[in-house]
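The file run.cif contains mmCIF, C-alpha atoms:
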```cif
data_my_file
loop_
_atom_site.label_atom_id
_atom_site.label_comp_id
_atom_site.auth_asym_id
_atom_site.auth_seq_id
_atom_site.Cartn_x
_atom_site.Cartn_y
_atom_site.Cartn_z
CA MET A 6 6.30 8.08 11.78
CA GLN A 7 4.19 8.66 14.85
CA ILE A 8 0.55 9.65 14.35
CA THR A 9 -2.12 10.78 16.80
CA ILE A 10 -5.73 9.89 16.01
CA LEU A 11 -8.07 12.83 16.62
CA ASN A 12 -11.32 11.30 15.39
CA ALA A 13 -12.46 8.27 13.39
CA GLU A 14 -15.69 6.90 11.98
CA MET A 15 -16.92 4.20 9.63
CA THR A 16 -20.21 3.03 8.20
CA TYR A 17 -21.24 0.03 6.11
CA SER A 18 -23.90 -0.37 3.45
CA LYS A 19 -24.44 -3.05 0.81
CA GLU A 20 -24.27 -0.44 -1.94
CA GLU A 21 -21.06 1.37 -0.91
CA GLY A 22 -19.33 -1.18 1.30
CA TYR A 23 -17.17 0.25 4.07
CA VAL A 24 -16.77 4.03 4.09
CA GLY A 25 -14.81 5.80 6.78
CA LYS A 26 -12.59 8.69 7.66
CA VAL A 27 -9.86 9.34 10.16
CA GLN A 28 -8.64 12.72 11.34
CA PHE A 29 -5.08 12.66 12.64
CA GLU A 30 -1.86 14.54 13.30
CA ALA A 31 1.50 13.36 12.00
CA GLU A 32 4.68 13.93 13.97
CA GLY A 33 6.67 16.86 12.57
CA HIS A 34 3.85 18.09 10.32
CA THR A 35 2.34 21.54 10.71
CA ASN A 36 -1.29 20.75 9.87
CA PRO A 37 -3.58 17.85 10.79
CA TYR A 38 -4.95 15.55 8.07
CA GLU A 39 -8.06 13.61 7.19
CA ILE A 40 -8.00 10.36 5.24
CA ALA A 41 -11.19 9.11 3.57
CA LEU A 42 -11.36 5.32 3.17
CA GLN A 43 -13.55 3.02 1.08
CA SER A 44 -13.58 -0.74 0.53
CA LYS A 45 -16.32 -2.98 -0.85
CA ARG A 46 -15.35 -5.91 1.39
CA GLY A 47 -13.45 -4.22 4.22
CA THR A 48 -10.32 -6.25 3.56
CA ARG A 49 -7.13 -5.39 1.68
CA ASP A 50 -8.47 -3.33 -1.22
CA TRP A 51 -8.85 0.10 0.36
CA GLY A 52 -9.19 3.20 -1.76
CA TYR A 53 -8.31 6.42 -0.02
CA GLY A 54 -7.95 10.16 -0.34
CA LEU A 55 -5.65 12.23 1.87
CA PHE A 56 -6.52 15.84 2.67
CA PHE A 57 -5.58 18.63 5.03
CA LEU A 58 -8.14 18.70 7.84
CA HIS A 59 -8.91 22.41 8.32
CA GLU A 60 -6.77 24.50 6.03
CA SER A 61 -4.16 23.97 3.36
CA GLY A 62 -0.65 23.35 4.57
CA LYS A 63 2.68 22.55 3.01
CA GLU A 64 2.14 20.45 -0.10
CA GLU A 65 5.53 18.75 0.33
CA GLN A 66 4.42 17.47 3.77
CA LEU A 67 1.19 16.08 2.28
CA LEU A 68 3.09 14.38 -0.55
CA ALA A 69 5.67 12.94 1.86
CA LEU A 70 2.89 11.53 4.06
CA GLU A 71 1.10 10.07 1.04
CA GLU A 72 4.34 8.36 -0.01
CA GLN A 73 4.81 7.02 3.51
CA LEU A 74 1.26 5.60 3.51
CA GLU A 75 2.00 3.81 0.23
CA GLU A 76 5.19 2.25 1.59
CA ASP A 77 4.33 1.61 5.25
CA ASP A 78 1.53 -0.97 5.51
CA GLU A 79 1.60 -0.78 9.31
CA LEU A 80 0.93 2.97 9.29
CA PHE A 81 -1.91 2.61 6.77
CA ASP A 82 -3.39 -0.32 8.70
CA GLN A 83 -3.31 1.76 11.90
CA LEU A 84 -5.59 4.33 10.24
CA VAL A 85 -7.91 1.66 8.80
CA GLU A 86 -8.18 -0.08 12.17
CA ALA A 87 -8.99 3.21 13.93
CA ALA A 88 -11.93 3.69 11.57
CA LYS A 89 -13.05 0.05 11.73
CA ALA A 90 -13.12 0.25 15.53
CA LYS A 91 -15.87 2.89 15.16
CA LEU A 92 -17.99 0.84 12.75
CA ASP A 93 -21.70 1.10 13.52
CA LYS A 94 -22.87 -2.44 14.14
#
```

Whole structure given in structure tokens:
Amino acid sequence: MQITILNAEMTYSKEEGYVGKVQFEAEGHTNPYEIALQSKRGTRDWGYGLFFLHESGKEEQLLALEEQLEEDDELFDQLVEAAKAKLDK
């Protein structure tokens, strides 16, 4: 699946660890999305929430994308790396 990054950001604090979000479009999907990311160490253990960016869209598209993110490490890593690239240092 091809995605287009619209915006990304990430911050770090000792209390919360790494917290970021990425706004993106997914090929063939009607609405853009936002994924919120959080990891204490900024390594493999990322928690996330996937949402429609502006307005609700087709739930089956959201569920299909969520399933793809679970199965496709490369796709998920692409979103994490986009946010990490914006980390305030």

Hey, what's within 12 Å of A:Glu20 if we count all atoms listed in the file and toss same-chain stuff fewer than 5 positions away? As a PDB file with C-alpha atoms, in the coordinates of the input, please?
```
ATOM      1  CA  GLN A  43     -13.550   3.020   1.080  1.00  0.00           C
ATOM      2  CA  SER A  44     -13.580  -0.740   0.530  1.00  0.00           C
ATOM      3  CA  LYS A  45     -16.320  -2.980  -0.850  1.00  0.00           C
ATOM      4  CA  ARG A  46     -15.350  -5.910   1.390  1.00  0.00           C
TER       5      ARG A  46
END
```

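Minimum atom-to-atom distance to A:Tyr23, evaluated using all atoms listed in the file, belongs to A:Leu42 out of A:Ala87, A:Leu42, A:Leu67, A:Leu58.
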
Since I can't run it myself right now, could you work out what the PyMOL selection byres ((chain A and resi 12) around 12) selects here and report it as a ChimeraX atom specification?
/A:9-11,13-15,25-30,37-40,58,84,87-91

Go through A:Leu92, A:His34, A:Gly54, A:Val24 and flag the residue nearest A:Leu74, using all atoms listed in the file for the distances.
A:Gly54

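Among A:Thr16, A:Gln83, A:Thr35, A:Gln73, the residue with the shortest atom-to-atom distance to A:Glu60, counting all atoms listed in the file, is A:Thr35.
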
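Rounded to one decimal, atom CA of A:Glu71 and atom CA of A:Lys19 lie 28.7 Å from each other.
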
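Shortest separation to A:Leu70 among A:Gln7, A:Gly47, A:Glu86, A:Glu21 occurs at residue A:Gln7, atoms counted being only C-alpha atoms.
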
From the options A:Gly62, A:Gly22, A:Gly33, A:Gly52, which residue's atoms come nearest to A:Ile8, counting all atoms listed in the file?
A:Gly33

What does the structure give for the distance between atom CA of A:Glu79 and atom CA of A:Ala41, in Å to one decimal?
17.2 Å

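Here atom CA of A:Ala31 stands at a distance of 11.0 Å from atom CA of A:Ala69.
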
Between A:Leu55, A:Ser18, A:Asp50, A:Gln66, which has the minimum distance to A:Glu32 (counting only C-alpha atoms)?
A:Gln66
